[in-house]
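**Student:** Next comes the structure file input_22.cif, holding mmCIF, C-alpha atoms.
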```
data_final
loop_
_atom_site.label_atom_id
_atom_site.label_comp_id
_atom_site.auth_asym_id
_atom_site.auth_seq_id
_atom_site.Cartn_x
_atom_site.Cartn_y
_atom_site.Cartn_z
CA LYS A 1288 -81.60 204.69 73.44
CA PRO A 1289 -83.24 204.86 76.89
CA ALA A 1290 -79.86 205.04 78.70
CA GLN A 1291 -78.74 208.00 76.58
CA LYS A 1292 -82.08 209.72 76.90
CA GLU A 1293 -81.83 209.42 80.69
CA LEU A 1294 -78.27 210.79 80.68
CA LEU A 1295 -79.32 213.80 78.60
CA GLU A 1296 -82.21 214.48 80.98
CA LEU A 1297 -79.90 214.22 83.99
CA PHE A 1298 -77.35 216.58 82.42
CA SER A 1299 -80.06 219.08 81.46
CA LEU A 1300 -81.72 219.14 84.87
CA GLU A 1301 -78.84 218.59 87.27
CA ILE A 1302 -75.69 219.99 85.63
CA ALA A 1303 -76.69 222.39 82.86
CA ASN A 1304 -79.20 224.55 84.73
CA ALA A 1305 -76.63 227.39 84.72
CA LYS A 1306 -76.45 227.69 88.51
CA ARG A 1307 -72.78 226.71 88.60
CA ILE A 1308 -70.16 226.61 85.84
CA GLU A 1309 -67.46 224.17 87.07
CA GLU A 1310 -69.17 220.92 85.99
CA VAL A 1311 -70.09 222.38 82.61
CA LEU A 1312 -66.56 223.57 81.82
CA LEU A 1313 -65.00 220.27 82.88
CA MET A 1314 -67.39 218.24 80.71
CA LYS A 1315 -66.80 220.52 77.72
CA GLN A 1316 -63.04 220.02 78.05
CA LEU A 1317 -63.38 216.25 78.44
CA LEU A 1318 -65.41 216.07 75.23
CA ILE A 1319 -62.48 217.71 73.40
CA GLN A 1320 -59.51 215.99 75.03
CA ASN A 1321 -58.86 212.69 76.73
CA GLU A 1322 -57.96 214.05 80.12
CA TYR A 1323 -57.95 217.31 82.00
CA SER A 1324 -56.38 218.22 85.33
CA SER A 1325 -57.85 220.17 88.22
CA ASP A 1326 -54.95 222.64 87.77
CA GLN A 1327 -56.04 223.27 84.17
CA LEU A 1328 -59.63 223.75 85.28
CA LEU A 1329 -58.51 226.14 88.01
CA ALA A 1330 -56.47 228.16 85.50
CA LEU A 1331 -59.38 228.25 83.01
CA ILE A 1332 -61.82 229.53 85.65
CA GLU A 1333 -59.38 232.11 87.01
CA GLU A 1334 -58.72 233.36 83.49
CA THR A 1335 -62.38 233.42 82.40
CA TYR A 1336 -64.24 234.34 85.59
CA HIS A 1337 -61.49 235.76 87.83
CA TYR A 1338 -62.11 233.63 90.90
CA ALA A 1339 -60.61 230.41 92.22
CA PRO A 1340 -62.95 227.49 92.98
CA SER A 1341 -62.34 225.93 96.40
CA LYS A 1342 -60.78 222.51 96.90
CA GLU A 1343 -64.20 221.35 98.16
CA THR A 1344 -65.78 222.44 94.87
CA LEU A 1345 -63.18 220.57 92.83
CA ASP A 1346 -63.70 217.48 95.01
CA SER A 1347 -67.47 217.64 94.47
CA LEU A 1348 -67.27 217.54 90.65
CA GLU A 1349 -66.87 213.76 90.56
CA ARG A 1350 -69.93 213.20 92.81
CA ASN A 1351 -72.01 215.62 90.75
CA LEU A 1352 -71.00 214.48 87.26
CA ASN A 1353 -71.46 210.83 88.22
CA PHE A 1354 -74.86 211.78 89.69
CA GLU A 1355 -73.97 210.29 93.09
CA PHE A 1356 -75.09 213.61 94.59
CA ILE A 1357 -78.68 212.92 93.51
CA LYS A 1358 -78.36 209.22 94.46
CA ASN A 1359 -78.71 208.03 90.85
CA PRO A 1360 -75.11 206.91 90.14
CA LYS A 1361 -73.85 206.76 86.54
CA SER A 1362 -70.34 206.16 85.19
CA VAL A 1363 -69.48 209.44 83.48
CA ILE A 1364 -66.03 210.46 84.70
CA ASP A 1365 -63.04 208.83 86.40
CA VAL A 1366 -60.67 210.71 88.67
CA ALA A 1367 -57.09 209.63 89.34
CA GLY A 1368 -55.17 212.02 91.57
CA ASN A 1369 -55.92 215.42 90.06
CA ILE A 1370 -56.65 214.09 86.54
CA TYR A 1371 -60.21 213.83 85.25
CA ALA A 1372 -61.09 211.54 82.34
CA LEU A 1373 -64.28 210.20 80.77
CA HIS A 1374 -65.30 206.71 81.87
CA ALA A 1375 -64.88 204.03 79.15
CA SER A 1376 -68.60 203.22 79.11
CA PHE A 1377 -69.47 206.90 78.67
CA LYS A 1378 -67.02 207.16 75.76
CA GLU A 1379 -68.96 204.32 74.14
CA GLN A 1380 -72.19 206.31 74.48
CA LEU A 1381 -70.53 209.30 72.81
CA LYS A 1382 -69.96 207.28 69.62
CA ASN A 1383 -73.64 207.97 68.99
CA THR A 1384 -73.36 211.35 67.24
CA VAL A 1385 -76.96 212.33 68.01
CA PHE A 1386 -76.24 211.84 71.71
CA SER A 1387 -72.90 213.68 71.65
CA ASN A 1388 -74.38 216.58 69.64
CA PHE A 1389 -77.27 216.94 72.07
CA LEU A 1390 -74.90 216.82 75.03
CA ASN A 1391 -72.72 219.53 73.47
CA ASP A 1392 -75.80 221.68 72.87
CA VAL A 1393 -76.93 221.28 76.48
CA LEU A 1394 -73.48 222.26 77.82
CA ASN A 1395 -73.09 225.21 75.44
CA TYR A 1396 -76.52 226.50 76.40
CA ALA A 1397 -75.65 226.26 80.10
CA GLU A 1398 -72.39 228.12 79.59
CA ARG A 1399 -74.07 230.95 77.65
CA LYS A 1400 -76.84 231.26 80.20
CA PHE A 1401 -74.39 231.32 83.12
CA ASN A 1402 -72.24 233.93 81.35
CA ASN A 1403 -75.29 236.15 80.90
CA LEU A 1404 -76.04 236.05 84.63
CA TYR A 1405 -72.47 236.15 85.88
CA GLN A 1406 -71.04 239.24 87.56
CA LEU A 1407 -67.87 238.91 89.60
CA ASP A 1408 -68.86 241.69 92.00
CA ARG A 1409 -72.08 239.81 92.83
CA LEU A 1410 -70.36 236.44 93.34
CA GLN A 1411 -70.35 235.31 96.96
CA ASN A 1412 -69.57 231.80 98.24
CA GLY A 1413 -70.37 230.34 94.81
CA PHE A 1414 -73.72 232.13 94.52
CA ILE A 1415 -74.66 235.20 92.49
CA LEU A 1416 -76.48 237.71 94.69
CA GLY A 1417 -80.03 238.37 93.55
CA GLU A 1418 -80.19 235.23 91.37
CA LYS A 1419 -82.64 232.40 92.06
CA TYR A 1420 -81.74 228.97 93.41
CA SER A 1421 -83.67 225.88 94.48
CA ARG A 1422 -82.87 224.10 97.74
CA LYS A 1423 -81.20 221.38 95.65
CA ASP A 1424 -79.00 223.95 93.84
CA VAL A 1425 -77.93 225.26 97.23
CA CYS A 1426 -76.99 221.79 98.53
CA ARG A 1427 -74.86 221.27 95.40
CA ILE A 1428 -73.17 224.68 95.42
CA LEU A 1429 -72.33 224.24 99.12
CA ASN A 1430 -70.62 220.96 98.07
CA TRP A 1431 -72.70 218.74 100.33
CA ASP A 1432 -72.20 215.03 99.62
CA LYS A 1433 -75.82 214.24 98.88
CA ASP A 1434 -78.90 216.17 97.84
CA ILE A 1435 -80.84 216.45 101.09
CA SER A 1436 -83.05 219.29 99.84
CA SER A 1437 -86.26 217.37 100.62
CA THR A 1438 -85.36 217.54 104.33
CA VAL A 1439 -84.03 221.11 104.44
CA TYR A 1440 -87.37 222.98 104.71
CA GLY A 1441 -86.60 226.30 106.40
CA TYR A 1442 -82.95 225.71 107.29
CA ARG A 1443 -80.42 222.96 107.83
CA THR A 1444 -76.85 222.94 109.12
CA GLN A 1445 -74.28 220.67 107.53
CA LYS A 1446 -70.48 220.98 107.46
CA LYS A 1447 -70.91 224.12 109.64
CA MET A 1448 -72.92 225.83 106.86
CA THR A 1449 -76.53 226.90 107.37
CA PRO A 1450 -78.68 227.98 104.43
CA CYS A 1451 -81.96 229.61 105.57
CA PHE A 1452 -84.96 229.61 103.22
CA VAL A 1453 -87.68 232.13 103.91
CA THR A 1454 -91.02 232.60 102.18
CA TYR A 1455 -91.74 236.27 102.84
CA LYS A 1456 -95.50 236.15 102.45
CA LYS A 1457 -96.72 233.07 104.30
CA SER A 1458 -99.87 231.61 102.77
CA ALA A 1459 -102.89 231.91 105.03
CA ASP A 1460 -103.50 228.16 105.13
CA ILE A 1461 -100.26 227.33 106.97
CA SER A 1462 -100.82 225.96 110.49
CA SER A 1463 -100.39 228.43 113.34
CA GLY A 1464 -97.25 226.52 114.33
CA THR A 1465 -95.49 227.56 111.13
CA GLN A 1466 -96.59 231.19 110.87
CA TYR A 1467 -93.03 232.42 111.35
CA ASN A 1468 -92.16 235.97 112.07
CA ASP A 1469 -89.47 236.50 109.38
CA HIS A 1470 -89.19 240.06 108.07
CA PHE A 1471 -86.82 242.77 106.90
CA ILE A 1472 -86.00 245.51 109.39
CA ASP A 1473 -84.18 247.34 106.57
CA SER A 1474 -82.40 246.29 103.38
CA GLN A 1475 -79.41 245.01 105.35
CA THR A 1476 -81.07 243.61 108.50
CA PHE A 1477 -83.42 240.64 108.71
CA ALA A 1478 -85.39 239.41 111.72
CA TRP A 1479 -85.29 235.62 111.55
CA GLU A 1480 -87.10 233.00 113.57
CA SER A 1481 -86.31 229.33 114.16
CA ARG A 1482 -88.78 226.49 113.70
CA SER A 1483 -91.42 226.29 116.40
CA ASN A 1484 -90.79 224.12 119.44
CA ARG A 1485 -87.12 225.06 119.64
CA LYS A 1486 -85.21 226.32 122.65
CA LEU A 1487 -81.94 228.24 122.82
CA ASN A 1488 -80.04 225.23 124.13
CA SER A 1489 -81.31 222.77 121.49
CA SER A 1490 -78.56 221.28 119.31
CA GLU A 1491 -80.22 222.56 116.14
CA ILE A 1492 -80.12 226.17 117.38
CA GLN A 1493 -76.54 225.78 118.64
CA ASP A 1494 -75.60 224.48 115.16
CA VAL A 1495 -76.95 227.67 113.61
CA ILE A 1496 -75.12 229.85 116.15
CA ASN A 1497 -71.83 227.97 115.63
CA SER A 1498 -71.97 227.96 111.83
CA ASP A 1499 -68.98 229.19 109.83
CA LEU A 1500 -71.36 230.35 107.12
CA ILE A 1501 -75.04 231.37 107.25
CA LEU A 1502 -76.79 232.20 103.99
CA LEU A 1503 -80.19 233.81 103.48
CA PHE A 1504 -82.51 232.89 100.59
CA VAL A 1505 -85.89 234.58 100.26
CA LYS A 1506 -88.89 234.27 97.96
CA LYS A 1507 -91.91 236.52 98.01
CA SER A 1508 -94.59 233.83 98.12
CA ASP A 1509 -95.25 230.18 97.38
CA GLY A 1510 -96.84 231.29 94.11
CA GLU A 1511 -93.34 232.15 92.88
CA GLY A 1512 -92.34 228.50 92.57
CA THR A 1513 -89.60 226.60 94.36
CA ASP A 1514 -86.66 228.96 93.75
CA PHE A 1515 -85.41 231.58 96.22
CA TYR A 1516 -83.45 234.79 95.64
CA CYS A 1517 -79.97 234.54 97.09
CA LEU A 1518 -79.41 237.44 99.50
CA GLY A 1519 -76.07 236.02 100.50
CA GLU A 1520 -74.00 235.74 103.61
CA VAL A 1521 -75.33 236.99 106.94
CA SER A 1522 -73.92 237.29 110.44
CA ILE A 1523 -75.89 237.13 113.67
CA VAL A 1524 -76.26 240.58 115.23
CA GLU A 1525 -74.58 240.51 118.63
CA GLY A 1526 -77.03 240.23 121.50
CA SER A 1527 -79.98 239.62 119.17
CA ILE A 1528 -80.62 235.95 119.98
CA SER A 1529 -83.60 235.51 122.29
CA GLN A 1530 -86.02 232.84 123.45
CA ALA A 1531 -89.59 233.71 122.48
CA TYR A 1532 -93.00 232.04 122.20
CA MET A 1533 -95.38 231.73 119.27
CA PRO A 1534 -98.34 234.14 119.74
CA LYS A 1535 -101.08 231.62 118.90
CA SER A 1536 -99.70 228.22 119.88
CA ASN A 1537 -97.38 229.47 122.65
CA GLU A 1538 -94.67 227.05 121.45
CA PRO A 1539 -91.08 228.06 122.17
CA VAL A 1540 -89.19 229.64 119.28
CA VAL A 1541 -85.82 231.39 118.97
CA HIS A 1542 -85.46 234.88 117.46
CA PHE A 1543 -82.32 236.11 115.70
CA LYS A 1544 -81.37 239.26 113.84
CA TYR A 1545 -79.21 238.78 110.76
CA LYS A 1546 -76.94 241.45 109.29
CA LEU A 1547 -76.48 240.93 105.54
CA LYS A 1548 -72.93 241.25 104.30
CA GLU A 1549 -74.32 243.15 101.27
CA ALA A 1550 -77.55 245.15 101.39
CA VAL A 1551 -80.30 243.79 99.15
CA GLU A 1552 -80.34 245.55 95.80
CA GLN A 1553 -83.04 248.26 96.00
CA LYS A 1554 -85.34 246.98 93.24
CA LEU A 1555 -85.38 243.44 94.62
CA TYR A 1556 -85.83 244.76 98.17
CA GLN A 1557 -88.88 246.82 97.17
CA TYR A 1558 -90.35 243.84 95.32
CA LEU A 1559 -89.94 241.49 98.29
CA ILE A 1560 -91.45 243.84 100.88
CA SER A 1561 -94.28 245.28 98.76
CA GLU A 1562 -97.82 244.07 99.42
#
```
Since I need it in another form, could you write the structure as structure tokens?

**Tutor:**
Amino acid sequence: KPAQKELLELFSLEIANAKRIEEVLLMKQLLIQNEYSSDQLLALIEETYHYAPSKETLDSLERNLNFEFIKNPKSVIDVAGNIYALHASFKEQLKNTVFSNFLNDVLNYAERKFNNLYQLDRLQNGFILGEKYSRKDVCRILNWDKDISSTVYGYRTQKKMTPCFVTYKKSADISSGTQYNDHFIDSQTFAWESRSNRKLNSSEIQDVINSDLILLFVKKSDGEGTDFYCLGEVSIVEGSISQAYMPKSNEPVVHFKYKLKEAVEQKLYQYLISE
């Protein structure tokens, strides 16, 4: 059926891409039992993965599993207080054994794939250091209400969180206004530059400066696709923020230095900086 085919595609692309485990575990439990509480989910994750998901993450599960996050709403789960249950119309769909078998396969695959990547000592703010994420993955893992990845480009601040996306090797055909000067100083320090035509006092720059969380994502070149390596949390090096001007276009731009909370793993670092 077209409706079931669409649901399977949505689950495969949006939920079961192994970038986050919470949605997958909740769905697996709801396919076995009628209802499941956020306390049970919390206990399951603490026992299996040894971390506690935030309240914001638990609150985002309903938006994500009902595909409101990607602005394509479906009735998959209901939430009453801290109890999750499958929506009646979704239970109807599950009576089709082909559909329910496929859905189980998709969720099991996602769980196995996540478990293969998962390392507690590399987990930081819901991301696994050195793993690859799309802008959309980042919006979801940061628990933003809607997928605004198409407007994020190089960086975007929301809910006092600023993910920064850097393409290390800029392709030659980019206009002189976007030839940014982003580079590693060493494996734990990154020179970062705002969009062009920005001044220190602009609200966008102040939003970056006043963020509670700044995250750095880097890919080597556009040829690598749309995913970025997560290098994790950074802090602004004190005294490093300065007003500058683009060499060719002379447009104002703001320079920052970022200190990475964890140095980039040596192999990845060498790969990113090599010619």

**Student:** Fewer than 6 positions away in the same chain doesn't count, so skip those; otherwise give me all residues within 7 Å of Asp1514 in chain A, counting all atoms listed in the file, as an MDAnalysis selection string.

**Tutor:** chainID A and resid 1419:1421

**Student:** Between CA of Tyr1336 in chain A and CA of Leu1407 in chain A, what is the distance in Å, rounded to a tenth?

**Tutor:** 7.1 Å

**Student:** Suppose you want the space between CA of Ala1290 in chain A and CA of Lys1361 in chain A; what is it in Å?

**Tutor:** 10.0 Å

**Student:** Just say which residues the PyMOL selection byres ((chain A and resi 1494-1510) around 9) picks in this file, as a count of residues only.

**Tutor:** 42

**Student:** What residues have an atom no more than 12 Å from (-67.0, 223.9, 93.1) in the file's own frame, counting only C-alpha atoms, and can you write them as a PyMOL selection string?

**Tutor:** chain A and resi 1306-1313+1325+1328-1329+1332+1338-1352+1412-1414+1425-1431

**Student:** Using all atoms listed in the file, can you tell me which of A:Leu1294, A:Glu1379, A:Asn1468, A:Glu1549 comes closest to Gln1411 in chain A?

**Tutor:**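 Using all atoms listed in the file, Gln1411 in chain A sits closest to A:Glu1549.
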
**Student:** When the PyMOL selection byres ((chain A and resi 1525) around 10) is applied to the structure above, which residues does it catch, written out as a PyMOL selection string?

**Tutor:** chain A and resi 1522-1524+1526-1528+1543-1546

**Student:** Can you spit out the residues from that selection as an mmCIF file, in the frame of the given file, using C-alpha atoms?

**Tutor:**
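Done, and the output landed in again_3.cif:
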```
data_model
loop_
_atom_site.group_PDB
_atom_site.id
_atom_site.type_symbol
_atom_site.label_atom_id
_atom_site.label_comp_id
_atom_site.auth_asym_id
_atom_site.auth_seq_id
_atom_site.Cartn_x
_atom_site.Cartn_y
_atom_site.Cartn_z
ATOM 1 C CA SER A 1522 -73.920 237.290 110.440
ATOM 2 C CA ILE A 1523 -75.890 237.130 113.670
ATOM 3 C CA VAL A 1524 -76.260 240.580 115.230
ATOM 4 C CA GLY A 1526 -77.030 240.230 121.500
ATOM 5 C CA SER A 1527 -79.980 239.620 119.170
ATOM 6 C CA ILE A 1528 -80.620 235.950 119.980
ATOM 7 C CA PHE A 1543 -82.320 236.110 115.700
ATOM 8 C CA LYS A 1544 -81.370 239.260 113.840
ATOM 9 C CA TYR A 1545 -79.210 238.780 110.760
ATOM 10 C CA LYS A 1546 -76.940 241.450 109.290
#
```

**Student:** In Å to one decimal, how far is CA of Ile1370 in chain A from CA of Ser1324 in chain A?

**Tutor:**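 So the two atoms, CA of Ser1324 in chain A and CA of Ile1370 in chain A, lie 4.3 Å apart.
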
**Student:** Box time for range 1342-1356 of chain A: axis-aligned, enclosing all its listed atoms, 4 Å extra on each side; report centre and edge lengths in Å to one decimal, as lines of an AutoDock Vina configuration file.

**Tutor:**
```
center_x = -67.9
center_y = 216.4
center_z = 92.7
size_x = 22.3
size_y = 20.2
size_z = 18.9
```

**Student:** Please determine, counting all atoms listed in the file, which residue among A:Gln1327, A:Ser1436, A:Gln1291, A:Asn1403 has the shortest atom-to-atom distance to Asp1424 in chain A.

**Tutor:** A:Ser1436

**Student:** Will you model N, CA and C atoms for range 1303-1316 of chain A and pass it back as an mmCIF file, in the frame of the given file?

**Tutor:**
```
data_model
loop_
_atom_site.group_PDB
_atom_site.id
_atom_site.type_symbol
_atom_site.label_atom_id
_atom_site.label_comp_id
_atom_site.auth_asym_id
_atom_site.auth_seq_id
_atom_site.Cartn_x
_atom_site.Cartn_y
_atom_site.Cartn_z
ATOM 1 N N ALA A 1303 -76.646 221.275 83.819
ATOM 2 C CA ALA A 1303 -76.690 222.390 82.860
ATOM 3 C C ALA A 1303 -77.798 223.383 83.149
ATOM 4 N N ASN A 1304 -78.150 223.563 84.429
ATOM 5 C CA ASN A 1304 -79.200 224.550 84.730
ATOM 6 C C ASN A 1304 -78.604 225.932 84.987
ATOM 7 N N ALA A 1305 -77.309 226.082 84.683
ATOM 8 C CA ALA A 1305 -76.630 227.390 84.720
ATOM 9 C C ALA A 1305 -76.524 227.997 86.115
ATOM 10 N N LYS A 1306 -76.607 227.169 87.146
ATOM 11 C CA LYS A 1306 -76.450 227.690 88.510
ATOM 12 C C LYS A 1306 -74.990 227.633 88.957
ATOM 13 N N ARG A 1307 -74.199 226.796 88.286
ATOM 14 C CA ARG A 1307 -72.780 226.710 88.600
ATOM 15 C C ARG A 1307 -72.048 226.286 87.327
ATOM 16 N N ILE A 1308 -70.838 226.797 87.125
ATOM 17 C CA ILE A 1308 -70.160 226.610 85.840
ATOM 18 C C ILE A 1308 -69.115 225.485 85.848
ATOM 19 N N GLU A 1309 -68.599 225.109 87.017
ATOM 20 C CA GLU A 1309 -67.460 224.170 87.070
ATOM 21 C C GLU A 1309 -67.721 222.853 86.335
ATOM 22 N N GLU A 1310 -68.866 222.214 86.623
ATOM 23 C CA GLU A 1310 -69.170 220.920 85.990
ATOM 24 C C GLU A 1310 -69.268 221.059 84.471
ATOM 25 N N VAL A 1311 -69.884 222.152 84.043
ATOM 26 C CA VAL A 1311 -70.090 222.380 82.610
ATOM 27 C C VAL A 1311 -68.749 222.532 81.879
ATOM 28 N N LEU A 1312 -67.866 223.351 82.455
ATOM 29 C CA LEU A 1312 -66.560 223.570 81.820
ATOM 30 C C LEU A 1312 -65.740 222.281 81.769
ATOM 31 N N LEU A 1313 -65.765 221.517 82.855
ATOM 32 C CA LEU A 1313 -65.000 220.270 82.880
ATOM 33 C C LEU A 1313 -65.512 219.296 81.817
ATOM 34 N N MET A 1314 -66.830 219.143 81.726
ATOM 35 C CA MET A 1314 -67.390 218.240 80.710
ATOM 36 C C MET A 1314 -67.049 218.699 79.301
ATOM 37 N N LYS A 1315 -67.127 220.011 79.061
ATOM 38 C CA LYS A 1315 -66.800 220.520 77.720
ATOM 39 C C LYS A 1315 -65.358 220.189 77.353
ATOM 40 N N GLN A 1316 -64.450 220.335 78.318
ATOM 41 C CA GLN A 1316 -63.040 220.020 78.050
ATOM 42 C C GLN A 1316 -62.844 218.528 77.808
#
```
